[in-house]
file protein-v5.pdb (PDB, C-alpha atoms, pLDDT in the B column)
ATOM      1  CA  MET A   3      13.378 -11.967 -23.279  1.00 75.00           C
ATOM      2  CA  ASP A   4      11.437 -13.109 -20.222  1.00 84.00           C
ATOM      3  CA  GLU A   5       8.083 -11.352 -20.343  1.00 88.00           C
ATOM      4  CA  LEU A   6       7.798 -11.238 -16.559  1.00 88.00           C
ATOM      5  CA  GLU A   7      11.137  -9.454 -16.411  1.00 88.00           C
ATOM      6  CA  VAL A   8       9.947  -7.082 -19.130  1.00 90.00           C
ATOM      7  CA  LEU A   9       6.983  -6.152 -16.939  1.00 91.00           C
ATOM      8  CA  ARG A  10       8.997  -5.906 -13.728  1.00 89.00           C
ATOM      9  CA  ILE A  11      11.706  -3.722 -15.227  1.00 91.00           C
ATOM     10  CA  ARG A  12       9.099  -1.690 -17.099  1.00 94.00           C
ATOM     11  CA  ASP A  13       7.570  -0.639 -13.780  1.00 92.00           C
ATOM     12  CA  GLU A  14      11.002   0.122 -12.329  1.00 92.00           C
ATOM     13  CA  VAL A  15      11.984   2.260 -15.305  1.00 95.00           C
ATOM     14  CA  LEU A  16       8.700   4.153 -15.606  1.00 95.00           C
ATOM     15  CA  GLN A  17       8.444   4.824 -11.876  1.00 93.00           C
ATOM     16  CA  ALA A  18      12.050   5.999 -11.670  1.00 94.00           C
ATOM     17  CA  MET A  19      11.672   8.254 -14.709  1.00 95.00           C
ATOM     18  CA  TYR A  20       8.485   9.747 -13.293  1.00 94.00           C
ATOM     19  CA  TRP A  21      10.230  10.407  -9.955  1.00 93.00           C
ATOM     20  CA  MET A  22      13.283  11.947 -11.641  1.00 93.00           C
ATOM     21  CA  ARG A  23      11.085  14.235 -13.694  1.00 92.00           C
ATOM     22  CA  ALA A  24       8.836  15.242 -10.784  1.00 91.00           C
ATOM     23  CA  GLU A  25      11.826  16.060  -8.575  1.00 90.00           C
ATOM     24  CA  GLY A  26      13.463  18.080 -11.327  1.00 89.00           C
ATOM     25  CA  ILE A  27      16.479  15.758 -11.417  1.00 89.00           C
ATOM     26  CA  ALA A  28      16.251  14.779 -15.074  1.00 90.00           C
ATOM     27  CA  GLU A  29      13.487  15.384 -17.588  1.00 91.00           C
ATOM     28  CA  THR A  30      15.089  13.358 -20.363  1.00 95.00           C
ATOM     29  CA  PRO A  31      17.820  11.087 -18.958  1.00 95.00           C
ATOM     30  CA  THR A  32      20.290   9.198 -21.092  1.00 94.00           C
ATOM     31  CA  SER A  33      20.503   5.423 -20.852  1.00 93.00           C
ATOM     32  CA  ASP A  34      23.729   5.799 -18.827  1.00 92.00           C
ATOM     33  CA  GLU A  35      21.986   8.057 -16.333  1.00 92.00           C
ATOM     34  CA  LEU A  36      19.070   5.653 -16.063  1.00 94.00           C
ATOM     35  CA  SER A  37      21.419   2.744 -15.678  1.00 93.00           C
ATOM     36  CA  ARG A  38      23.257   4.455 -12.803  1.00 91.00           C
ATOM     37  CA  PHE A  39      20.009   5.550 -11.241  1.00 92.00           C
ATOM     38  CA  LEU A  40      18.530   2.055 -11.243  1.00 91.00           C
ATOM     39  CA  ALA A  41      21.829   0.226 -10.671  1.00 89.00           C
ATOM     40  CA  ILE A  42      21.257  -1.908 -13.779  1.00 87.00           C
ATOM     41  CA  THR A  43      24.071  -2.471 -16.277  1.00 90.00           C
ATOM     42  CA  PRO A  44      23.730  -0.285 -19.413  1.00 89.00           C
ATOM     43  CA  VAL A  45      23.814  -3.293 -21.749  1.00 89.00           C
ATOM     44  CA  THR A  46      20.961  -5.008 -19.919  1.00 87.00           C
ATOM     45  CA  LEU A  47      18.912  -1.856 -19.678  1.00 93.00           C
ATOM     46  CA  ALA A  48      19.312  -0.909 -23.360  1.00 91.00           C
ATOM     47  CA  THR A  49      17.414  -3.996 -24.535  1.00 90.00           C
ATOM     48  CA  TYR A  50      14.507  -3.185 -22.272  1.00 94.00           C
ATOM     49  CA  LEU A  51      14.450   0.494 -23.241  1.00 95.00           C
ATOM     50  CA  ASP A  52      14.123  -0.463 -26.895  1.00 94.00           C
ATOM     51  CA  ARG A  53      11.187  -2.666 -26.012  1.00 94.00           C
ATOM     52  CA  TYR A  54       9.419   0.104 -24.091  1.00 96.00           C
ATOM     53  CA  ILE A  55       9.849   2.452 -27.036  1.00 96.00           C
ATOM     54  CA  GLU A  56       8.192  -0.192 -29.235  1.00 96.00           C
ATOM     55  CA  ASP A  57       5.383  -0.442 -26.674  1.00 95.00           C
ATOM     56  CA  GLY A  58       4.832   3.331 -26.816  1.00 96.00           C
ATOM     57  CA  LEU A  59       5.810   3.963 -23.200  1.00 96.00           C
ATOM     58  CA  LEU A  60       9.024   5.832 -23.944  1.00 97.00           C
ATOM     59  CA  GLU A  61      10.254   8.177 -26.622  1.00 96.00           C
ATOM     60  CA  CYS A  62      13.894   8.577 -27.544  1.00 95.00           C
ATOM     61  CA  ALA A  63      15.545  11.471 -29.377  1.00 94.00           C
ATOM     62  CA  GLY A  64      19.302  11.864 -29.700  1.00 94.00           C
ATOM     63  CA  GLY A  65      19.995   9.367 -26.934  1.00 92.00           C
ATOM     64  CA  PHE A  66      17.697  11.111 -24.462  1.00 96.00           C
ATOM     65  CA  TYR A  67      14.717   9.179 -23.131  1.00 96.00           C
ATOM     66  CA  LYS A  68      11.373  10.707 -22.266  1.00 96.00           C
ATOM     67  CA  LEU A  69       8.140   9.270 -20.903  1.00 96.00           C
ATOM     68  CA  SER A  70       5.306   9.210 -23.422  1.00 96.00           C
ATOM     69  CA  PRO A  71       1.899  10.320 -22.060  1.00 95.00           C
ATOM     70  CA  SER A  72       0.910   6.673 -21.459  1.00 95.00           C
ATOM     71  CA  GLY A  73       4.313   5.925 -19.916  1.00 95.00           C
ATOM     72  CA  GLU A  74       3.921   8.873 -17.568  1.00 93.00           C
ATOM     73  CA  GLU A  75       0.441   7.788 -16.529  1.00 92.00           C
ATOM     74  CA  SER A  76       1.612   4.223 -15.997  1.00 92.00           C
ATOM     75  CA  GLY A  77       4.689   5.299 -14.005  1.00 90.00           C
ATOM     76  CA  LYS A  78       2.640   7.403 -11.637  1.00 88.00           C
ATOM     77  CA  ARG A  79      -0.103   4.798 -11.211  1.00 88.00           C
ATOM     78  CA  THR A  80       2.153   1.807 -10.599  1.00 84.00           C
ATOM     79  CA  PHE A  81       4.269   3.789  -8.146  1.00 78.00           C
ATOM     80  CA  ALA A  82       1.180   4.442  -6.061  1.00 74.00           C
ATOM     81  CA  ASP A  83      -0.143   0.873  -6.457  1.00 75.00           C
ATOM     82  CA  GLU A  84       3.129  -0.723  -5.430  1.00 71.00           C
ATOM     83  CA  MET A  85       3.359   1.228  -2.206  1.00 64.00           C
ATOM     84  CA  ALA A  86      -0.360   1.287  -1.460  1.00 62.00           C
ATOM     85  CA  ASP A  87      -0.156  -1.269   1.337  1.00 56.00           C
ATOM     86  CA  MET A  88       2.787   0.562   2.858  1.00 52.00           C
ATOM     87  CA  THR A  89       1.318   4.036   2.677  1.00 50.00           C
ATOM     88  CA  LYS A  90      -1.983   3.281   4.413  1.00 51.00           C
ATOM     89  CA  SER A  91      -1.973   4.235   8.073  1.00 54.00           C
ATOM     90  CA  PRO A  92      -2.387   1.000   9.970  1.00 53.00           C
ATOM     91  CA  HIS A  93      -4.473   0.884  13.090  1.00 53.00           C
ATOM     92  CA  GLY A  94      -2.438   2.370  15.935  1.00 57.00           C
ATOM     93  CA  GLU A  95      -0.737   4.927  13.713  1.00 58.00           C
ATOM     94  CA  CYS A  96      -3.705   7.257  13.720  1.00 58.00           C
ATOM     95  CA  ALA A  97      -3.325  10.820  14.901  1.00 59.00           C
ATOM     96  CA  ALA A  98      -3.686  11.561  18.613  1.00 59.00           C
ATOM     97  CA  ASP A  99      -7.090  13.059  17.978  1.00 57.00           C
ATOM     98  CA  CYS A 100      -8.478   9.963  16.206  1.00 59.00           C
ATOM     99  CA  GLN A 101     -12.121   9.846  17.166  1.00 54.00           C
ATOM    100  CA  PHE A 102     -12.147   6.053  16.989  1.00 54.00           C
ATOM    101  CA  CYS A 103      -8.975   5.035  18.841  1.00 59.00           C
ATOM    102  CA  GLN A 104      -9.510   7.514  21.623  1.00 57.00           C
ATOM    103  CA  GLY A 105     -13.103   6.430  22.161  1.00 59.00           C
ATOM    104  CA  SER A 106     -14.455   3.062  23.254  1.00 63.00           C
ATOM    105  CA  PRO A 107     -13.153  -0.440  22.426  1.00 64.00           C
ATOM    106  CA  GLU A 108     -16.000  -0.729  19.918  1.00 65.00           C
ATOM    107  CA  ALA A 109     -14.892   2.492  18.279  1.00 62.00           C
ATOM    108  CA  ALA A 110     -11.316   1.212  18.140  1.00 62.00           C
ATOM    109  CA  ALA A 111     -12.582  -1.885  16.364  1.00 64.00           C
ATOM    110  CA  ASP A 112     -14.319   0.398  13.863  1.00 61.00           C
ATOM    111  CA  CYS A 113     -11.021   2.168  13.368  1.00 58.00           C
ATOM    112  CA  MET A 114      -9.291  -1.102  12.600  1.00 58.00           C
ATOM    113  CA  SER A 115     -11.820  -1.967   9.944  1.00 58.00           C
ATOM    114  CA  SER A 116     -11.772   1.542   8.461  1.00 56.00           C
ATOM    115  CA  CYS A 117      -7.973   1.444   8.306  1.00 53.00           C
ATOM    116  CA  ALA A 118      -8.212  -1.854   6.472  1.00 48.00           C
ATOM    117  CA  ARG A 119     -10.567  -0.292   3.922  1.00 45.00           C
ATOM    118  CA  SER A 120      -8.658   2.961   3.389  1.00 42.00           C
TER     119      SER A 120
ATOM    120  CA  MET B  10      23.907  13.737 -12.914  1.00 51.00           C
ATOM    121  CA  ALA B  11      26.640  13.220 -10.300  1.00 43.00           C
ATOM    122  CA  ALA B  12      27.301   9.682  -9.197  1.00 41.00           C
ATOM    123  CA  ILE B  13      29.795  10.185  -6.424  1.00 38.00           C
ATOM    124  CA  THR B  14      28.632   8.721  -3.169  1.00 46.00           C
ATOM    125  CA  ALA B  15      29.407   9.431   0.439  1.00 45.00           C
ATOM    126  CA  GLU B  16      31.877   6.551   0.580  1.00 45.00           C
ATOM    127  CA  SER B  17      34.204   8.333  -1.820  1.00 44.00           C
ATOM    128  CA  ALA B  18      34.077  11.596   0.109  1.00 45.00           C
ATOM    129  CA  PRO B  19      37.233  12.623   2.011  1.00 53.00           C
ATOM    130  CA  GLY B  20      35.692  11.699   5.373  1.00 65.00           C
ATOM    131  CA  VAL B  21      34.668   8.052   5.616  1.00 74.00           C
ATOM    132  CA  LEU B  22      31.095   7.639   6.765  1.00 77.00           C
ATOM    133  CA  PRO B  23      29.739   4.523   8.458  1.00 79.00           C
ATOM    134  CA  LYS B  24      28.368   1.866   6.135  1.00 79.00           C
ATOM    135  CA  ASN B  25      24.681   2.395   5.348  1.00 87.00           C
ATOM    136  CA  PHE B  26      24.856   5.823   6.971  1.00 93.00           C
ATOM    137  CA  LEU B  27      22.385   7.092   4.389  1.00 94.00           C
ATOM    138  CA  ARG B  28      19.525   5.196   6.025  1.00 96.00           C
ATOM    139  CA  PRO B  29      19.693   6.772   9.493  1.00 97.00           C
ATOM    140  CA  CYS B  30      20.360  10.138   7.869  1.00 97.00           C
ATOM    141  CA  LEU B  31      17.166   9.886   5.849  1.00 97.00           C
ATOM    142  CA  LEU B  32      15.217   8.798   8.919  1.00 98.00           C
ATOM    143  CA  LEU B  33      16.629  11.771  10.827  1.00 98.00           C
ATOM    144  CA  LEU B  34      15.769  14.242   8.073  1.00 98.00           C
ATOM    145  CA  LEU B  35      12.235  12.908   7.909  1.00 98.00           C
ATOM    146  CA  ARG B  36      11.964  13.015  11.707  1.00 97.00           C
ATOM    147  CA  GLU B  37      12.725  16.721  11.418  1.00 97.00           C
ATOM    148  CA  GLN B  38      10.064  17.252   8.775  1.00 97.00           C
ATOM    149  CA  PRO B  39       8.383  15.509   5.827  1.00 97.00           C
ATOM    150  CA  ALA B  40      10.181  16.228   2.575  1.00 96.00           C
ATOM    151  CA  HIS B  41      10.370  15.658  -1.174  1.00 94.00           C
ATOM    152  CA  GLY B  42      13.241  13.794  -2.780  1.00 93.00           C
ATOM    153  CA  TYR B  43      15.106  16.812  -4.111  1.00 90.00           C
ATOM    154  CA  GLU B  44      14.879  18.577  -0.781  1.00 93.00           C
ATOM    155  CA  LEU B  45      16.347  15.491   0.917  1.00 95.00           C
ATOM    156  CA  LEU B  46      19.279  15.589  -1.500  1.00 92.00           C
ATOM    157  CA  GLU B  47      20.007  19.159  -0.460  1.00 92.00           C
ATOM    158  CA  ARG B  48      19.615  18.459   3.251  1.00 94.00           C
ATOM    159  CA  LEU B  49      21.945  15.442   3.081  1.00 94.00           C
ATOM    160  CA  ARG B  50      24.958  17.660   2.285  1.00 92.00           C
ATOM    161  CA  PRO B  51      25.714  18.828   5.836  1.00 92.00           C
ATOM    162  CA  LEU B  52      25.669  15.172   6.904  1.00 93.00           C
ATOM    163  CA  GLY B  53      28.628  14.373   4.664  1.00 88.00           C
ATOM    164  CA  PHE B  54      26.876  13.528   1.399  1.00 88.00           C
ATOM    165  CA  GLU B  55      28.551  16.353  -0.415  1.00 74.00           C
ATOM    166  CA  ARG B  56      27.978  15.192  -3.975  1.00 66.00           C
ATOM    167  CA  SER B  57      24.676  13.507  -4.071  1.00 69.00           C
ATOM    168  CA  ASP B  58      23.587  10.459  -5.997  1.00 83.00           C
ATOM    169  CA  PRO B  59      19.866  10.790  -6.728  1.00 90.00           C
ATOM    170  CA  GLY B  60      19.571   7.137  -7.759  1.00 92.00           C
ATOM    171  CA  ARG B  61      20.967   5.992  -4.458  1.00 91.00           C
ATOM    172  CA  LEU B  62      18.547   8.263  -2.622  1.00 93.00           C
ATOM    173  CA  TYR B  63      15.641   6.946  -4.693  1.00 93.00           C
ATOM    174  CA  ARG B  64      16.532   3.315  -4.020  1.00 93.00           C
ATOM    175  CA  ALA B  65      17.064   3.988  -0.318  1.00 94.00           C
ATOM    176  CA  LEU B  66      13.686   5.689  -0.003  1.00 95.00           C
ATOM    177  CA  ARG B  67      11.993   2.817  -1.815  1.00 93.00           C
ATOM    178  CA  ALA B  68      13.653   0.293   0.489  1.00 94.00           C
ATOM    179  CA  LEU B  69      12.708   2.276   3.596  1.00 96.00           C
ATOM    180  CA  GLU B  70       9.148   2.501   2.352  1.00 94.00           C
ATOM    181  CA  ALA B  71       8.986  -1.212   1.572  1.00 93.00           C
ATOM    182  CA  GLU B  72      10.167  -1.890   5.133  1.00 95.00           C
ATOM    183  CA  GLY B  73       7.436   0.349   6.530  1.00 95.00           C
ATOM    184  CA  LEU B  74       9.900   2.866   8.012  1.00 96.00           C
ATOM    185  CA  VAL B  75       8.811   5.650   5.680  1.00 96.00           C
ATOM    186  CA  ARG B  76       5.581   6.362   3.855  1.00 94.00           C
ATOM    187  CA  SER B  77       4.891   8.630   0.941  1.00 93.00           C
ATOM    188  CA  ALA B  78       1.973  10.243  -0.797  1.00 91.00           C
ATOM    189  CA  TRP B  79       1.419  12.248  -3.941  1.00 89.00           C
ATOM    190  CA  GLU B  80       1.417  15.991  -3.512  1.00 89.00           C
ATOM    191  CA  SER B  81      -0.030  18.161  -6.233  1.00 86.00           C
ATOM    192  CA  SER B  82       2.167  20.738  -7.852  1.00 79.00           C
ATOM    193  CA  ASP B  83       0.987  23.897  -9.617  1.00 80.00           C
ATOM    194  CA  ASN B  84       3.915  23.994 -12.003  1.00 79.00           C
ATOM    195  CA  GLY B  85       4.865  20.399 -12.786  1.00 82.00           C
ATOM    196  CA  PRO B  86       4.027  16.769 -12.209  1.00 85.00           C
ATOM    197  CA  ASP B  87       2.833  15.592  -8.803  1.00 88.00           C
ATOM    198  CA  ARG B  88       5.655  14.697  -6.436  1.00 91.00           C
ATOM    199  CA  ARG B  89       6.039  12.165  -3.664  1.00 91.00           C
ATOM    200  CA  ILE B  90       6.309  13.612  -0.192  1.00 94.00           C
ATOM    201  CA  TYR B  91       7.935  11.336   2.371  1.00 96.00           C
ATOM    202  CA  GLU B  92       7.340  11.107   6.098  1.00 96.00           C
ATOM    203  CA  LEU B  93       8.520   8.934   8.955  1.00 96.00           C
ATOM    204  CA  THR B  94       6.328   6.163  10.380  1.00 96.00           C
ATOM    205  CA  LYS B  95       6.328   5.033  14.000  1.00 95.00           C
ATOM    206  CA  ALA B  96       8.443   2.047  13.004  1.00 96.00           C
ATOM    207  CA  GLY B  97      10.843   4.454  11.302  1.00 96.00           C
ATOM    208  CA  ASN B  98      11.076   6.496  14.475  1.00 96.00           C
ATOM    209  CA  LEU B  99      12.038   3.363  16.424  1.00 96.00           C
ATOM    210  CA  ALA B 100      14.583   2.380  13.764  1.00 96.00           C
ATOM    211  CA  LEU B 101      16.079   5.861  13.993  1.00 97.00           C
ATOM    212  CA  TYR B 102      16.436   5.491  17.750  1.00 97.00           C
ATOM    213  CA  ASP B 103      18.195   2.118  17.328  1.00 96.00           C
ATOM    214  CA  ALA B 104      20.514   3.580  14.687  1.00 95.00           C
ATOM    215  CA  ALA B 105      21.369   6.519  16.931  1.00 96.00           C
ATOM    216  CA  GLN B 106      22.181   4.143  19.794  1.00 96.00           C
ATOM    217  CA  SER B 107      24.465   2.185  17.505  1.00 94.00           C
ATOM    218  CA  LEU B 108      26.194   5.393  16.427  1.00 93.00           C
ATOM    219  CA  VAL B 109      26.772   6.314  20.077  1.00 95.00           C
ATOM    220  CA  THR B 110      28.667   3.031  20.496  1.00 94.00           C
ATOM    221  CA  THR B 111      30.694   3.725  17.339  1.00 91.00           C
ATOM    222  CA  HIS B 112      31.404   7.240  18.564  1.00 93.00           C
ATOM    223  CA  THR B 113      32.693   5.934  21.894  1.00 95.00           C
ATOM    224  CA  ILE B 114      35.026   3.470  20.173  1.00 95.00           C
ATOM    225  CA  LEU B 115      36.323   6.173  17.829  1.00 92.00           C
ATOM    226  CA  ASP B 116      36.971   8.455  20.780  1.00 94.00           C
ATOM    227  CA  VAL B 117      39.138   5.775  22.376  1.00 96.00           C
ATOM    228  CA  PHE B 118      41.039   5.272  19.123  1.00 94.00           C
ATOM    229  CA  LEU B 119      41.623   8.987  18.560  1.00 92.00           C
ATOM    230  CA  SER B 120      42.585   9.594  22.142  1.00 93.00           C
ATOM    231  CA  ARG B 121      45.234   6.866  22.032  1.00 95.00           C
ATOM    232  CA  TYR B 122      46.558   7.967  18.647  1.00 92.00           C
ATOM    233  CA  SER B 123      46.779  11.588  19.765  1.00 91.00           C
ATOM    234  CA  GLU B 124      49.429  10.505  22.274  1.00 92.00           C
ATOM    235  CA  PHE B 125      51.742  10.209  19.254  1.00 91.00           C
ATOM    236  CA  VAL B 126      50.458  12.782  16.787  1.00 86.00           C
ATOM    237  CA  ALA B 127      48.400  15.946  17.011  1.00 84.00           C
ATOM    238  CA  ILE B 128      45.378  15.011  14.950  1.00 78.00           C
ATOM    239  CA  GLY B 129      44.099  17.471  12.384  1.00 73.00           C
ATOM    240  CA  GLN B 130      47.464  18.965  11.522  1.00 65.00           C
ATOM    241  CA  GLU B 131      47.866  19.789   7.876  1.00 61.00           C
ATOM    242  CA  ARG B 132      50.930  17.707   7.118  1.00 67.00           C
ATOM    243  CA  ARG B 133      51.276  13.988   7.692  1.00 71.00           C
ATOM    244  CA  PRO B 134      53.931  13.127  10.274  1.00 69.00           C
ATOM    245  CA  ALA B 135      57.302  11.874   9.064  1.00 72.00           C
ATOM    246  CA  PRO B 136      57.805   8.123   9.482  1.00 73.00           C
ATOM    247  CA  GLU B 137      59.484   7.013  12.683  1.00 70.00           C
ATOM    248  CA  PRO B 138      63.231   6.268  12.171  1.00 68.00           C
ATOM    249  CA  ARG B 139      64.086   2.562  12.427  1.00 66.00           C
TER     250      ARG B 139
END
call {"tool": "encode", "arguments": {"input": "protein-v5.pdb", "output": "structure tokens"}}
result
Amino acid sequence: MDELEVLRIRDEVLQAMYWMRAEGIAETPTSDELSRFLAITPVTLATYLDRYIEDGLLECAGGFYKLSPSGEESGKRTFADEMADMTKSPHGECAADCQFCQGSPEAAADCMSSCARS
Amino acid sequence: MAAITAESAPGVLPKNFLRPCLLLLLREQPAHGYELLERLRPLGFERSDPGRLYRALRALEAEGLVRSAWESSDNGPDRRIYELTKAGNLALYDAAQSLVTTHTILDVFLSRYSEFVAIGQERRPAPEPR
């Protein structure tokens, strides 16, 4: 098993399971449900799920998968990390009352640098 | 968990119709995933596919058309709330323009076909005799 793929799919699985749980869609999905949700074939996914159970990120009872506390924390954190660059407001997408953009050119430059830091 | 998508619904929706629909819903107001599933129904997504919604939102976010943030919940895990970006607003406008073109073409088709058959009748017409 390619370790890079293990890591990549781990993030996909944990993030998706966190999202499903938070939205009330499925607290403990089956592997078939996860496979449909992620559009990964069940056979491929099953190997990875076993690995994540070994790693303590998932728990499985009666064919239903659940995030362990560390899996839940990891799912939430990596979801935010992955989209961090996308979720920051870039310069120019500030609100109409932005004190920097609506001020002087110098202030707008400050806004650009503060957006880059946020 | 239902897995039937809009394409298998009785009315055929345009390909990738989910994307402009999501942009429209988020133009109306920021929303959580589950709420979006509910609000997609009147747009023809009668039996929702949460996985498809999830992947579409992720793709829209990766393209910078949508952004999301954690929102605390008193009675459960934090949820992502999604909102439209300026780029998403522009993409929505482009999609709507494209749909106007499609609508015009469909009107021409239906108008010409209705010269033979009253559209919307319950029974299919009998085949023309040879």
call {"tool": "resolve_selection", "arguments": {"input": "protein-v5.pdb", "expression": "the PyMOL selection byres ((chain B and resi 41) around 12)", "output": "ChimeraX atom specification"}}
result
/A:21-22,24-27 /B:31,34-35,38-40,42-48,62-63,66,76-82,87-92
call {"tool": "resolve_selection", "arguments": {"input": "protein-v5.pdb", "expression": "the PyMOL selection byres ((chain B and resi 99-108) around 8)", "output": "ChimeraX atom specification"}}
result
/B:29,32-33,74,95-98,109-112
call {"tool": "resolve_selection", "arguments": {"input": "protein-v5.pdb", "expression": "the PyMOL selection byres ((chain A and resi 20) around 9)", "output": "list in words"}}
result
Val15, Leu16, Gln17, Ala18, Met19, Trp21, Met22, Arg23, Ala24, Glu25, Glu29, Leu69, Gly73, Glu74, Glu75, Gly77, Lys78 and Phe81 of chain A; Pro86 and Arg88 of chain B
call {"tool": "closest_residue", "arguments": {"input": "protein-v5.pdb", "among": "A:Asp83, A:Pro71, A:Leu6, A:Ser37", "to": "A:Leu51", "atoms": "all atoms listed in the file"}}
result
A:Ser37
call {"tool": "atom_distance", "arguments": {"input": "protein-v5.pdb", "atom1": "atom CA of B:Val75", "atom2": "atom CA of B:Thr94"}}
result
5.3 Å
call {"tool": "closest_residue", "arguments": {"input": "protein-v5.pdb", "among": "A:Ile11, A:Glu5, A:Thr46, A:Leu40", "to": "chain B", "atoms": "all atoms listed in the file"}}
result
A:Leu40
call {"tool": "atom_distance", "arguments": {"input": "protein-v5.pdb", "atom1": "atom CA of B:Ser123", "atom2": "atom CA of B:Cys30"}}
result
29.0 Å
call {"tool": "closest_residue", "arguments": {"input": "protein-v5.pdb", "among": "B:Asp58, B:Glu124, B:Glu37, B:Glu137", "to": "chain A", "atoms": "all atoms listed in the file"}}
result
B:Asp58
call {"tool": "atom_distance", "arguments": {"input": "protein-v5.pdb", "atom1": "atom CA of B:Leu27", "atom2": "atom CA of B:Leu69"}}
result
10.8 Å
call {"tool": "closest_residue", "arguments": {"input": "protein-v5.pdb", "among": "B:Pro51, B:Gly73, B:Gly129, B:Pro136", "to": "chain A", "atoms": "all atoms listed in the file"}}
result
B:Gly73
